[in-house]
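Student: What follows is entry_24.cif; its format and atoms are mmCIF, C-alpha atoms.
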data_protein
#
loop_
_atom_site.group_PDB
_atom_site.id
_atom_site.type_symbol
_atom_site.label_atom_id
_atom_site.label_comp_id
_atom_site.auth_asym_id
_atom_site.auth_seq_id
_atom_site.Cartn_x
_atom_site.Cartn_y
_atom_site.Cartn_z
ATOM 1 C CA MET U 26 -58.871 -69.246 42.326
ATOM 2 C CA ASP U 27 -61.324 -67.742 39.836
ATOM 3 C CA ASN U 28 -63.081 -69.762 37.159
ATOM 4 C CA GLY U 29 -61.951 -69.371 33.570
ATOM 5 C CA SER U 30 -62.897 -70.351 30.040
ATOM 6 C CA VAL U 31 -61.376 -71.538 26.799
ATOM 7 C CA THR U 32 -62.624 -71.489 23.206
ATOM 8 C CA VAL U 33 -61.941 -74.447 20.922
ATOM 9 C CA LYS U 34 -62.383 -73.722 17.213
ATOM 10 C CA CYS U 35 -62.738 -76.738 14.912
ATOM 11 C CA PHE U 36 -61.789 -76.436 11.242
ATOM 12 C CA GLY U 37 -62.119 -79.037 8.518
ATOM 13 C CA ILE U 38 -63.335 -82.630 8.869
ATOM 14 C CA CYS U 39 -64.566 -82.472 12.469
ATOM 15 C CA THR U 40 -67.734 -84.379 13.425
ATOM 16 C CA HIS U 41 -69.547 -83.300 16.596
ATOM 17 C CA LEU U 42 -71.315 -86.272 18.181
ATOM 18 C CA ASP U 43 -74.860 -85.498 19.350
ATOM 19 C CA PRO U 44 -74.045 -81.868 20.216
ATOM 20 C CA ARG U 45 -77.619 -81.061 21.286
ATOM 21 C CA SER U 46 -77.782 -83.808 23.916
ATOM 22 C CA SER U 47 -77.689 -83.230 27.664
ATOM 23 C CA ALA U 48 -74.999 -85.881 28.190
ATOM 24 C CA ASP U 49 -72.273 -84.969 30.631
ATOM 25 C CA GLU U 50 -69.539 -85.277 28.021
ATOM 26 C CA HIS U 51 -69.411 -84.574 24.303
ATOM 27 C CA ARG U 52 -66.918 -85.660 21.653
ATOM 28 C CA VAL U 53 -65.505 -84.290 18.417
ATOM 29 C CA VAL U 54 -64.132 -86.912 16.017
ATOM 30 C CA LEU U 55 -61.371 -86.094 13.529
ATOM 31 C CA VAL U 56 -61.414 -89.036 11.120
ATOM 32 C CA ASN U 57 -58.245 -90.185 9.417
ATOM 33 C CA ALA U 58 -58.512 -88.631 5.966
ATOM 34 C CA ALA U 59 -54.829 -89.059 5.102
ATOM 35 C CA ARG U 60 -53.818 -90.801 1.861
ATOM 36 C CA PRO U 61 -57.426 -91.113 0.640
ATOM 37 C CA GLY U 62 -56.560 -92.352 -2.834
ATOM 38 C CA ARG U 63 -54.717 -95.365 -1.462
ATOM 39 C CA ARG U 64 -57.090 -96.086 1.404
ATOM 40 C CA PHE U 65 -60.490 -95.342 -0.139
ATOM 41 C CA GLY U 66 -59.936 -95.848 -3.858
ATOM 42 C CA ALA U 67 -62.405 -98.742 -3.883
ATOM 43 C CA ILE U 68 -65.213 -96.523 -2.554
ATOM 44 C CA PRO U 69 -66.723 -94.534 -5.446
ATOM 45 C CA GLU U 70 -68.074 -91.770 -3.200
ATOM 46 C CA LEU U 71 -64.590 -91.098 -1.792
ATOM 47 C CA ARG U 72 -62.579 -91.210 -5.004
ATOM 48 C CA GLY U 73 -60.740 -88.060 -5.900
ATOM 49 C CA LEU U 74 -60.852 -86.551 -2.400
ATOM 50 C CA VAL U 75 -57.596 -85.039 -1.238
ATOM 51 C CA GLU U 76 -55.272 -85.731 1.653
ATOM 52 C CA HIS U 77 -56.104 -84.094 4.985
ATOM 53 C CA ARG U 78 -53.941 -83.821 8.104
ATOM 54 C CA ALA U 79 -55.034 -83.124 11.675
ATOM 55 C CA ARG U 80 -53.344 -80.453 13.763
ATOM 56 C CA LEU U 81 -53.541 -78.716 17.136
ATOM 57 C CA GLU U 82 -52.452 -75.087 17.150
ATOM 58 C CA ILE U 83 -52.057 -72.581 19.988
ATOM 59 C CA LYS U 84 -50.649 -69.082 20.047
ATOM 60 C CA ARG U 85 -47.387 -69.134 21.969
ATOM 61 C CA VAL U 86 -48.326 -66.183 24.191
ATOM 62 C CA ASP U 87 -51.482 -68.060 25.259
ATOM 63 C CA LEU U 88 -49.589 -71.089 26.569
ATOM 64 C CA VAL U 89 -48.735 -71.437 30.247
ATOM 65 C CA GLY U 90 -45.081 -72.463 30.177
ATOM 66 C CA GLU U 91 -43.009 -73.814 27.319
ATOM 67 C CA PRO U 92 -44.643 -76.029 24.678
ATOM 68 C CA GLN U 93 -44.084 -79.749 25.274
ATOM 69 C CA ALA U 94 -44.000 -82.634 22.818
ATOM 70 C CA ARG U 95 -43.633 -86.408 22.634
ATOM 71 C CA SER U 96 -42.788 -88.812 19.826
ATOM 72 C CA TRP U 97 -46.532 -89.532 19.491
ATOM 73 C CA PHE U 98 -47.419 -85.824 19.836
ATOM 74 C CA PRO U 99 -44.736 -83.991 17.843
ATOM 75 C CA ILE U 100 -44.387 -80.271 17.282
ATOM 76 C CA ILE U 101 -44.286 -79.811 13.508
ATOM 77 C CA PHE U 102 -44.074 -76.018 13.424
ATOM 78 C CA ALA U 103 -43.123 -73.339 15.924
ATOM 79 C CA ASP U 104 -42.145 -69.705 15.667
ATOM 80 C CA GLY U 105 -42.468 -66.663 17.855
ATOM 81 C CA GLU U 106 -46.230 -66.553 17.314
ATOM 82 C CA ARG U 107 -47.649 -70.092 16.955
ATOM 83 C CA VAL U 108 -47.006 -73.692 17.955
ATOM 84 C CA VAL U 109 -48.490 -76.549 15.917
ATOM 85 C CA TRP U 110 -48.658 -80.221 16.899
ATOM 86 C CA SER U 111 -49.517 -83.176 14.659
ATOM 87 C CA LEU U 112 -52.507 -85.261 15.785
ATOM 88 C CA ASP U 113 -52.091 -88.862 14.710
ATOM 89 C CA GLY U 114 -53.954 -91.337 16.889
ATOM 90 C CA VAL U 115 -54.419 -89.412 20.141
ATOM 91 C CA ARG U 116 -57.089 -88.495 22.657
ATOM 92 C CA LEU U 117 -57.347 -84.835 23.650
ATOM 93 C CA ARG U 118 -59.420 -83.975 26.694
ATOM 94 C CA SER U 119 -60.425 -80.887 28.656
ATOM 95 C CA THR U 120 -59.387 -81.845 32.178
ATOM 96 C CA ASN U 121 -60.825 -79.023 34.264
ATOM 97 C CA GLY U 122 -63.880 -78.070 32.221
ATOM 98 C CA ILE U 123 -67.298 -77.642 33.833
ATOM 99 C CA LYS U 124 -70.508 -79.122 32.446
ATOM 100 C CA ASN U 125 -72.851 -76.406 31.206
ATOM 101 C CA ASP U 126 -76.474 -77.131 32.112
ATOM 102 C CA ALA U 127 -77.925 -74.218 30.157
ATOM 103 C CA GLY U 128 -79.603 -76.602 27.698
ATOM 104 C CA PRO U 129 -79.012 -77.694 24.091
ATOM 105 C CA SER U 130 -76.470 -75.797 22.047
ATOM 106 C CA PRO U 131 -77.995 -72.951 20.030
ATOM 107 C CA GLY U 132 -76.908 -71.675 16.669
ATOM 108 C CA LEU U 133 -76.302 -75.003 14.897
ATOM 109 C CA ASN U 134 -78.526 -74.468 11.873
ATOM 110 C CA CYS U 135 -75.508 -73.677 9.714
ATOM 111 C CA ILE U 136 -73.622 -76.856 10.684
ATOM 112 C CA PRO U 137 -74.804 -79.711 8.441
ATOM 113 C CA SER U 138 -76.351 -82.737 10.121
ATOM 114 C CA LEU U 139 -75.364 -86.134 8.742
ATOM 115 C CA GLN U 140 -78.923 -87.286 9.358
ATOM 116 C CA SER U 141 -80.218 -84.642 6.965
ATOM 117 C CA TYR U 142 -78.165 -86.108 4.125
ATOM 118 C CA CYS U 143 -78.525 -89.834 4.794
ATOM 119 C CA ARG U 144 -81.775 -91.558 5.753
ATOM 120 C CA PRO U 145 -81.661 -93.848 7.543
ATOM 121 C CA LEU U 146 -78.313 -92.875 9.034
ATOM 122 C CA PRO U 147 -76.314 -95.900 10.270
ATOM 123 C CA ALA U 148 -75.124 -96.186 13.848
ATOM 124 C CA LEU U 149 -71.687 -94.843 14.662
ATOM 125 C CA GLY U 150 -68.860 -97.074 13.491
ATOM 126 C CA PRO U 151 -65.439 -97.870 15.005
ATOM 127 C CA ALA U 152 -63.985 -94.534 13.892
ATOM 128 C CA ALA U 153 -66.037 -92.827 16.626
ATOM 129 C CA THR U 154 -64.924 -95.020 19.536
ATOM 130 C CA GLY U 155 -62.351 -97.576 18.466
ATOM 131 C CA ASP U 156 -58.960 -96.015 19.319
ATOM 132 C CA ASP U 157 -57.703 -97.048 15.880
ATOM 133 C CA PRO U 158 -55.266 -94.571 14.300
ATOM 134 C CA GLU U 159 -56.016 -96.007 10.858
ATOM 135 C CA ARG U 160 -59.571 -94.742 11.261
ATOM 136 C CA THR U 161 -59.235 -91.732 13.561
ATOM 137 C CA THR U 162 -56.571 -89.097 14.061
ATOM 138 C CA CYS U 163 -57.997 -87.568 17.235
ATOM 139 C CA TYR U 164 -60.887 -87.542 19.674
ATOM 140 C CA PHE U 165 -61.540 -84.347 21.577
ATOM 141 C CA ASP U 166 -63.636 -84.954 24.706
ATOM 142 C CA TYR U 167 -65.068 -82.123 26.769
ATOM 143 C CA PRO U 168 -67.897 -81.511 29.251
ATOM 144 C CA ASN U 169 -71.259 -80.474 27.808
ATOM 145 C CA SER U 170 -70.651 -76.906 26.630
ATOM 146 C CA PRO U 171 -72.159 -74.443 24.167
ATOM 147 C CA LEU U 172 -71.380 -75.103 20.504
ATOM 148 C CA VAL U 173 -72.118 -72.588 17.774
ATOM 149 C CA GLY U 174 -71.285 -72.281 14.097
ATOM 150 C CA GLU U 175 -69.319 -69.463 12.531
ATOM 151 C CA THR U 176 -68.693 -68.700 8.873
ATOM 152 C CA PRO U 177 -66.449 -66.243 7.068
ATOM 153 C CA ASP U 178 -67.897 -63.157 5.451
ATOM 154 C CA GLY U 179 -69.957 -64.299 2.493
ATOM 155 C CA GLY U 180 -70.542 -67.819 3.795
ATOM 156 C CA GLY U 181 -68.669 -71.012 3.031
ATOM 157 C CA ALA U 182 -67.382 -73.833 5.187
ATOM 158 C CA VAL U 183 -68.446 -73.767 8.813
ATOM 159 C CA THR U 184 -66.277 -73.660 11.913
ATOM 160 C CA GLY U 185 -67.589 -75.265 15.108
ATOM 161 C CA VAL U 186 -66.859 -73.024 18.078
ATOM 162 C CA ILE U 187 -66.992 -74.604 21.554
ATOM 163 C CA THR U 188 -66.850 -72.437 24.682
ATOM 164 C CA ILE U 189 -65.806 -74.374 27.786
ATOM 165 C CA ALA U 190 -66.010 -72.961 31.308
ATOM 166 C CA THR U 191 -63.236 -74.204 33.604
ATOM 167 C CA LEU U 192 -62.719 -74.697 37.318
ATOM 168 C CA THR U 193 -59.605 -72.530 37.369
ATOM 169 C CA ASP U 194 -58.329 -69.513 35.475
ATOM 170 C CA THR U 195 -55.870 -71.722 33.557
ATOM 171 C CA PRO U 196 -57.824 -74.126 31.336
ATOM 172 C CA SER U 197 -56.020 -77.458 31.131
ATOM 173 C CA PHE U 198 -55.864 -80.295 28.622
ATOM 174 C CA ASP U 199 -54.555 -83.839 28.597
ATOM 175 C CA VAL U 200 -53.380 -85.735 25.530
ATOM 176 C CA LYS U 201 -52.437 -89.419 25.272
ATOM 177 C CA PRO U 202 -51.871 -91.927 22.462
ATOM 178 C CA PHE U 203 -54.506 -94.482 21.514
ATOM 179 C CA SER U 204 -52.240 -97.466 22.091
ATOM 180 C CA GLN U 205 -49.442 -97.963 24.591
ATOM 181 C CA PRO U 206 -47.321 -100.905 25.784
ATOM 182 C CA PRO U 207 -48.850 -103.011 28.586
ATOM 183 C CA GLY U 208 -48.535 -101.325 31.957
ATOM 184 C CA GLN U 209 -47.712 -97.936 30.454
ATOM 185 C CA ASP U 210 -50.025 -94.930 30.719
ATOM 186 C CA GLU U 211 -48.126 -92.047 29.172
ATOM 187 C CA SER U 212 -49.804 -88.689 28.756
ATOM 188 C CA LEU U 213 -48.952 -85.013 28.412
ATOM 189 C CA SER U 214 -50.735 -82.092 30.052
ATOM 190 C CA PHE U 215 -50.697 -78.427 29.143
ATOM 191 C CA SER U 216 -52.533 -75.269 30.165
ATOM 192 C CA ILE U 217 -53.414 -72.000 28.478
ATOM 193 C CA LEU U 218 -54.521 -68.610 29.707
ATOM 194 C CA SER U 219 -58.202 -68.045 30.359
ATOM 195 C CA GLY U 220 -60.247 -66.564 27.539
ATOM 196 C CA LYS U 221 -57.896 -67.763 24.814
ATOM 197 C CA THR U 222 -58.409 -70.048 21.817
ATOM 198 C CA VAL U 223 -57.225 -73.511 20.841
ATOM 199 C CA PHE U 224 -57.408 -74.475 17.139
ATOM 200 C CA LEU U 225 -58.268 -78.029 16.043
ATOM 201 C CA SER U 226 -58.053 -78.642 12.297
ATOM 202 C CA ASN U 227 -58.331 -81.522 9.861
ATOM 203 C CA ILE U 228 -57.740 -79.770 6.564
ATOM 204 C CA PRO U 229 -56.233 -80.538 3.144
ATOM 205 C CA VAL U 230 -52.463 -80.605 2.828
ATOM 206 C CA ASP U 231 -52.850 -78.594 -0.372
ATOM 207 C CA LYS U 232 -54.798 -75.580 0.824
ATOM 208 C CA GLY U 233 -56.218 -74.934 -2.626
ATOM 209 C CA GLU U 234 -57.842 -78.344 -2.944
ATOM 210 C CA GLU U 235 -60.898 -78.340 -0.667
ATOM 211 C CA ALA U 236 -64.144 -79.208 -2.407
ATOM 212 C CA ASN U 237 -67.741 -79.694 -1.368
ATOM 213 C CA GLU U 238 -67.294 -83.469 -1.761
ATOM 214 C CA ASP U 239 -65.026 -83.478 1.299
ATOM 215 C CA PHE U 240 -68.286 -83.634 3.238
ATOM 216 C CA ASN U 241 -68.297 -87.361 2.398
ATOM 217 C CA PHE U 242 -65.332 -87.899 4.719
ATOM 218 C CA HIS U 243 -67.681 -87.318 7.658
ATOM 219 C CA PHE U 244 -69.496 -90.544 6.789
ATOM 220 C CA LEU U 245 -66.341 -92.445 7.779
ATOM 221 C CA THR U 246 -67.662 -92.102 11.344
ATOM 222 C CA VAL U 247 -70.535 -94.498 10.518
ATOM 223 C CA MET U 248 -68.727 -96.947 8.229
ATOM 224 C CA GLN U 249 -67.642 -100.367 9.442
ATOM 225 C CA ALA U 250 -65.263 -101.799 6.851
ATOM 226 C CA PHE U 251 -64.029 -98.780 4.839
ATOM 227 C CA ALA U 252 -64.587 -100.897 1.735
ATOM 228 C CA GLY U 253 -66.550 -100.711 -1.476
ATOM 229 C CA GLY U 254 -70.266 -101.023 -0.779
ATOM 230 C CA ASP U 255 -69.897 -99.895 2.833
ATOM 231 C CA PHE U 256 -70.508 -96.228 2.130
ATOM 232 C CA PRO U 257 -74.044 -95.423 3.412
ATOM 233 C CA PRO U 258 -76.501 -95.613 0.505
ATOM 234 C CA GLY U 259 -78.779 -92.714 -0.251
ATOM 235 C CA THR U 260 -76.403 -89.968 0.863
ATOM 236 C CA SER U 261 -76.313 -86.513 -0.679
ATOM 237 C CA LEU U 262 -74.152 -83.418 -0.445
ATOM 238 C CA PRO U 263 -75.131 -80.136 1.237
ATOM 239 C CA ALA U 264 -75.725 -77.369 -1.242
ATOM 240 C CA GLY U 265 -74.107 -74.623 0.854
ATOM 241 C CA PRO U 266 -72.731 -72.111 1.347
ATOM 242 C CA PHE U 267 -73.860 -71.875 4.957
ATOM 243 C CA HIS U 268 -74.467 -68.660 6.841
ATOM 244 C CA CYS U 269 -74.271 -68.563 10.628
ATOM 245 C CA VAL U 270 -75.188 -65.820 13.023
ATOM 246 C CA GLY U 271 -71.547 -65.565 14.057
ATOM 247 C CA THR U 272 -68.807 -64.409 11.679
ATOM 248 C CA LEU U 273 -65.219 -65.582 11.830
ATOM 249 C CA ASN U 274 -62.572 -63.100 12.799
ATOM 250 C CA THR U 275 -60.108 -63.449 9.948
ATOM 251 C CA ASP U 276 -57.248 -62.574 12.305
ATOM 252 C CA ASP U 277 -58.106 -65.575 14.486
ATOM 253 C CA LEU U 278 -57.540 -68.509 12.129
ATOM 254 C CA PRO U 279 -55.023 -71.374 12.159
ATOM 255 C CA ILE U 280 -51.983 -71.352 9.921
ATOM 256 C CA GLY U 281 -52.579 -72.709 6.432
ATOM 257 C CA ILE U 282 -56.310 -72.160 6.230
ATOM 258 C CA GLY U 283 -55.756 -70.141 3.080
ATOM 259 C CA ASP U 284 -58.813 -70.365 0.837
ATOM 260 C CA LEU U 285 -60.385 -73.296 2.672
ATOM 261 C CA THR U 286 -63.332 -71.315 3.998
ATOM 262 C CA THR U 287 -65.127 -71.413 0.658
ATOM 263 C CA PRO U 288 -66.462 -73.526 -0.891
ATOM 264 C CA GLY U 289 -66.925 -76.734 1.038
ATOM 265 C CA CYS U 290 -68.609 -78.243 4.055
ATOM 266 C CA SER U 291 -66.519 -78.422 7.161
ATOM 267 C CA ASN U 292 -67.881 -79.257 10.619
ATOM 268 C CA THR U 293 -70.896 -81.555 10.788
ATOM 269 C CA THR U 294 -72.977 -83.125 13.540
ATOM 270 C CA TYR U 295 -74.014 -86.710 14.228
ATOM 271 C CA PRO U 296 -76.801 -87.558 13.890
#
Take the structure in the file and give it back as structure tokens.

Tutor:
Amino acid sequence: MDNGSVTVKCFGICTHLDPRSSADEHRVVLVNAARPGRRFGAIPELRGLVEHRARLEIKRVDLVGEPQARSWFPIIFADGERVVWSLDGVRLRSTNGIKNDAGPSPGLNCIPSLQSYCRPLPALGPAATGDDPERTTCYFDYPNSPLVGETPDGGGAVTGVITIATLTDTPSFDVKPFSQPPGQDESLSFSILSGKTVFLSNIPVDKGEEANEDFNFHFLTVMQAFAGGDFPPGTSLPAGPFHCVGTLNTDDLPIGIGDLTTPGCSNTTYP
């Protein structure tokens, strides 16, 4: 069977952990940015930021077989063109991806680095590894693969685009909940056609509400207590807009993106 590939496009509050490293596996963290007023009202830097929700979206014609769902991985929208799942405390993994040894990812100058806006940057907190749905909506784990940034015409928020080579011509994924009853190991697998795109997003519920300050949500990956005084001191906001070598195809965007591509800061990297 021939090798294949899949593109994963990340929109919104998606933090790429050490994307330039040569580690075998990389991770994208989608922090839990739901109900920010109630959860982060005691943190001055996070006041006034709007509710975000994490989603997985795939074009129906790109799926191999019928779309599947579970109570912990529900389909929240489906029509003849798209299928959208809610991500709320799950691990998503590329199961037949191949590590790319071509070297560090190029084209990341337009994706803000947390280290550039906070010195010294704290170590990663529980949101990056803790399997806690109160902190994290989703981890996406994949073998070391090229990551580049893309922006819409005219600049604006950045999308992280990951291209993963696969062992077969049907790229496959596995998804499972963070917590399960003792002795239970429930998961769901699905495949898509080679050369197609999967959309990961963590974007505002109100599509007209994104602001540059949403960049501060990325610092949840390094916070310990999510309490007043725990926000990393000395942080600043990127000026933007960012311009990447690649330009987004406006016909290849997830549902509900609306005006979210400008202004704002979307994908970032740690450190």

Student: Rounded to one decimal, what separation in Å do you get between CA of Leu273 in chain U and CA of Phe224 in chain U?

Tutor: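 For CA of Leu273 in chain U relative to CA of Phe224 in chain U, the distance reads 13.0 Å.
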
Student: With 4 Å added on each side, what axis-aligned box encloses every listed atom of range 171-181 of chain U? Give the centre and edge lengths in Å to one decimal, as lines of an AutoDock Vina configuration file.

Tutor:
center_x = -69.3
center_y = -69.1
center_z = 13.3
size_x = 13.7
size_y = 19.9
size_z = 29.7

Student: Excluding Pro147 in chain U and residues on its chain fewer than 3 positions from it, collect all residues at most 9 Å away from it, counting all atoms listed in the file, and give them as a ChimeraX atom specification.

Tutor: /U:143-144,150,247-248,257

Student: Selected by the PyMOL selection byres ((chain U and resi 77) around 6) in the shown coordinates: which residues, as JSON, numbers by chain?

Tutor: {"U": [58, 59, 76, 78, 227, 228, 229, 230]}

Student: Next, dump the selected residues to file, keeping only C-alpha atoms, as a PDB file, in the coordinates of the input.

Tutor:
ATOM      1  CA  ALA U  58     -58.512 -88.631   5.966  1.00  0.00           C
ATOM      2  CA  ALA U  59     -54.829 -89.059   5.102  1.00  0.00           C
ATOM      3  CA  GLU U  76     -55.272 -85.731   1.653  1.00  0.00           C
ATOM      4  CA  ARG U  78     -53.941 -83.821   8.104  1.00  0.00           C
ATOM      5  CA  ASN U 227     -58.331 -81.522   9.861  1.00  0.00           C
ATOM      6  CA  ILE U 228     -57.740 -79.770   6.564  1.00  0.00           C
ATOM      7  CA  PRO U 229     -56.233 -80.538   3.144  1.00  0.00           C
ATOM      8  CA  VAL U 230     -52.463 -80.605   2.828  1.00  0.00           C
TER       9      VAL U 230
END

Student: Quick one: residues within 12 Å of range 86-103 of chain U, only C-alpha atoms counted, chain neighbours fewer than 4 positions away excluded, as a ChimeraX atom specification?

Tutor: /U:31-32,78-82,107-117,158,162-163,194-205,211-224,279-281

Student: Would you put the residues from that selection into a file with C-alpha atoms, as a PDB file, keeping the file's coordinate frame?

Tutor:
ATOM      1  CA  VAL U  31     -61.376 -71.538  26.799  1.00  0.00           C
ATOM      2  CA  THR U  32     -62.624 -71.489  23.206  1.00  0.00           C
ATOM      3  CA  ARG U  78     -53.941 -83.821   8.104  1.00  0.00           C
ATOM      4  CA  ALA U  79     -55.034 -83.124  11.675  1.00  0.00           C
ATOM      5  CA  ARG U  80     -53.344 -80.453  13.763  1.00  0.00           C
ATOM      6  CA  LEU U  81     -53.541 -78.716  17.136  1.00  0.00           C
ATOM      7  CA  GLU U  82     -52.452 -75.087  17.150  1.00  0.00           C
ATOM      8  CA  ARG U 107     -47.649 -70.092  16.955  1.00  0.00           C
ATOM      9  CA  VAL U 108     -47.006 -73.692  17.955  1.00  0.00           C
ATOM     10  CA  VAL U 109     -48.490 -76.549  15.917  1.00  0.00           C
ATOM     11  CA  TRP U 110     -48.658 -80.221  16.899  1.00  0.00           C
ATOM     12  CA  SER U 111     -49.517 -83.176  14.659  1.00  0.00           C
ATOM     13  CA  LEU U 112     -52.507 -85.261  15.785  1.00  0.00           C
ATOM     14  CA  ASP U 113     -52.091 -88.862  14.710  1.00  0.00           C
ATOM     15  CA  GLY U 114     -53.954 -91.337  16.889  1.00  0.00           C
ATOM     16  CA  VAL U 115     -54.419 -89.412  20.141  1.00  0.00           C
ATOM     17  CA  ARG U 116     -57.089 -88.495  22.657  1.00  0.00           C
ATOM     18  CA  LEU U 117     -57.347 -84.835  23.650  1.00  0.00           C
ATOM     19  CA  PRO U 158     -55.266 -94.571  14.300  1.00  0.00           C
ATOM     20  CA  THR U 162     -56.571 -89.097  14.061  1.00  0.00           C
ATOM     21  CA  CYS U 163     -57.997 -87.568  17.235  1.00  0.00           C
ATOM     22  CA  ASP U 194     -58.329 -69.513  35.475  1.00  0.00           C
ATOM     23  CA  THR U 195     -55.870 -71.722  33.557  1.00  0.00           C
ATOM     24  CA  PRO U 196     -57.824 -74.126  31.336  1.00  0.00           C
ATOM     25  CA  SER U 197     -56.020 -77.458  31.131  1.00  0.00           C
ATOM     26  CA  PHE U 198     -55.864 -80.295  28.622  1.00  0.00           C
ATOM     27  CA  ASP U 199     -54.555 -83.839  28.597  1.00  0.00           C
ATOM     28  CA  VAL U 200     -53.380 -85.735  25.530  1.00  0.00           C
ATOM     29  CA  LYS U 201     -52.437 -89.419  25.272  1.00  0.00           C
ATOM     30  CA  PRO U 202     -51.871 -91.927  22.462  1.00  0.00           C
ATOM     31  CA  PHE U 203     -54.506 -94.482  21.514  1.00  0.00           C
ATOM     32  CA  SER U 204     -52.240 -97.466  22.091  1.00  0.00           C
ATOM     33  CA  GLN U 205     -49.442 -97.963  24.591  1.00  0.00           C
ATOM     34  CA  GLU U 211     -48.126 -92.047  29.172  1.00  0.00           C
ATOM     35  CA  SER U 212     -49.804 -88.689  28.756  1.00  0.00           C
ATOM     36  CA  LEU U 213     -48.952 -85.013  28.412  1.00  0.00           C
ATOM     37  CA  SER U 214     -50.735 -82.092  30.052  1.00  0.00           C
ATOM     38  CA  PHE U 215     -50.697 -78.427  29.143  1.00  0.00           C
ATOM     39  CA  SER U 216     -52.533 -75.269  30.165  1.00  0.00           C
ATOM     40  CA  ILE U 217     -53.414 -72.000  28.478  1.00  0.00           C
ATOM     41  CA  LEU U 218     -54.521 -68.610  29.707  1.00  0.00           C
ATOM     42  CA  SER U 219     -58.202 -68.045  30.359  1.00  0.00           C
ATOM     43  CA  GLY U 220     -60.247 -66.564  27.539  1.00  0.00           C
ATOM     44  CA  LYS U 221     -57.896 -67.763  24.814  1.00  0.00           C
ATOM     45  CA  THR U 222     -58.409 -70.048  21.817  1.00  0.00           C
ATOM     46  CA  VAL U 223     -57.225 -73.511  20.841  1.00  0.00           C
ATOM     47  CA  PHE U 224     -57.408 -74.475  17.139  1.00  0.00           C
ATOM     48  CA  PRO U 279     -55.023 -71.374  12.159  1.00  0.00           C
ATOM     49  CA  ILE U 280     -51.983 -71.352   9.921  1.00  0.00           C
ATOM     50  CA  GLY U 281     -52.579 -72.709   6.432  1.00  0.00           C
TER      51      GLY U 281
END

Student: So, counting all atoms listed in the file, which residue among U:Gly122, U:Pro296, U:Gly105, U:Gly73 is closest to Pro145 in chain U?

Tutor: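 Using all atoms listed in the file, Pro145 in chain U sits closest to U:Pro296.
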
Student: Report, in Å with one decimal, the straight-line distance from CA of Pro206 in chain U to CA of Ala152 in chain U.

Tutor: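 Here the two named atoms are 21.4 Å from each other.
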
Student: What does the distance between CA of Tyr167 in chain U and CA of Arg118 in chain U come to in Å, to one decimal place?

Tutor: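 Separation between CA of Tyr167 in chain U and CA of Arg118 in chain U: 5.9 Å.
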
Student: Extract, using all atoms listed in the file, all DNA, RNA and protein residues at most 7 Å from Ile187 in chain U, discarding same-chain residues fewer than 5 positions from it, and format them as a PDB file with C-alpha atoms, in the frame of the given file.

Tutor:
ATOM      1  CA  THR U  32     -62.624 -71.489  23.206  1.00  0.00           C
ATOM      2  CA  VAL U  33     -61.941 -74.447  20.922  1.00  0.00           C
ATOM      3  CA  LYS U  34     -62.383 -73.722  17.213  1.00  0.00           C
ATOM      4  CA  SER U 170     -70.651 -76.906  26.630  1.00  0.00           C
ATOM      5  CA  PRO U 171     -72.159 -74.443  24.167  1.00  0.00           C
ATOM      6  CA  LEU U 172     -71.380 -75.103  20.504  1.00  0.00           C
ATOM      7  CA  VAL U 173     -72.118 -72.588  17.774  1.00  0.00           C
TER       8      VAL U 173
END

Student: If the PyMOL selection byres ((chain U and resi 185) around 9) is run on the structure shown, which residues does it catch, given as a PyMOL selection string?

Tutor: chain U and resi 33-36+39+41+133+136+172-175+183-184+186-187+291-293

Student: Determine the nearest neighbour of Glu159 in chain U from the options U:Asn57, U:Asn237, U:Ser30, U:Ser138, counting all atoms listed in the file.

Tutor: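 Among the listed residues, the smallest separation from Glu159 in chain U belongs to U:Asn57.
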
Student: For the structure shown, which residues end up in the PyMOL selection byres ((chain U and resi 259) around 12)? Put them as a tab-separated table (two decimals) with C-alpha atoms, keeping the file's coordinate frame, please?

Tutor:
chain	number	residue	atom	x	y	z
U	70	GLU	CA	-68.07	-91.77	-3.20
U	139	LEU	CA	-75.36	-86.13	8.74
U	140	GLN	CA	-78.92	-87.29	9.36
U	141	SER	CA	-80.22	-84.64	6.96
U	142	TYR	CA	-78.17	-86.11	4.12
U	143	CYS	CA	-78.53	-89.83	4.79
U	144	ARG	CA	-81.78	-91.56	5.75
U	145	PRO	CA	-81.66	-93.85	7.54
U	146	LEU	CA	-78.31	-92.88	9.03
U	147	PRO	CA	-76.31	-95.90	10.27
U	244	PHE	CA	-69.50	-90.54	6.79
U	254	GLY	CA	-70.27	-101.02	-0.78
U	255	ASP	CA	-69.90	-99.90	2.83
U	256	PHE	CA	-70.51	-96.23	2.13
U	257	PRO	CA	-74.04	-95.42	3.41
U	258	PRO	CA	-76.50	-95.61	0.50
U	260	THR	CA	-76.40	-89.97	0.86
U	261	SER	CA	-76.31	-86.51	-0.68
U	262	LEU	CA	-74.15	-83.42	-0.44

Student: Taking all atoms listed in the file into account, which of U:Ala182, U:Leu42, U:Leu71, U:Val53 comes nearest Phe242 in chain U?

Tutor: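 Checking each of U:Ala182, U:Leu42, U:Leu71, U:Val53 against Phe242 in chain U, counting all atoms listed in the file, the winner is U:Leu71.
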
Student: Using all atoms listed in the file for the distances, tell me which of U:Ala190, U:Ser47, U:Ile38, U:Gly181 is nearest to Asp126 in chain U.

Tutor: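 Checking each of U:Ala190, U:Ser47, U:Ile38, U:Gly181 against Asp126 in chain U, counting all atoms listed in the file, the winner is U:Ser47.
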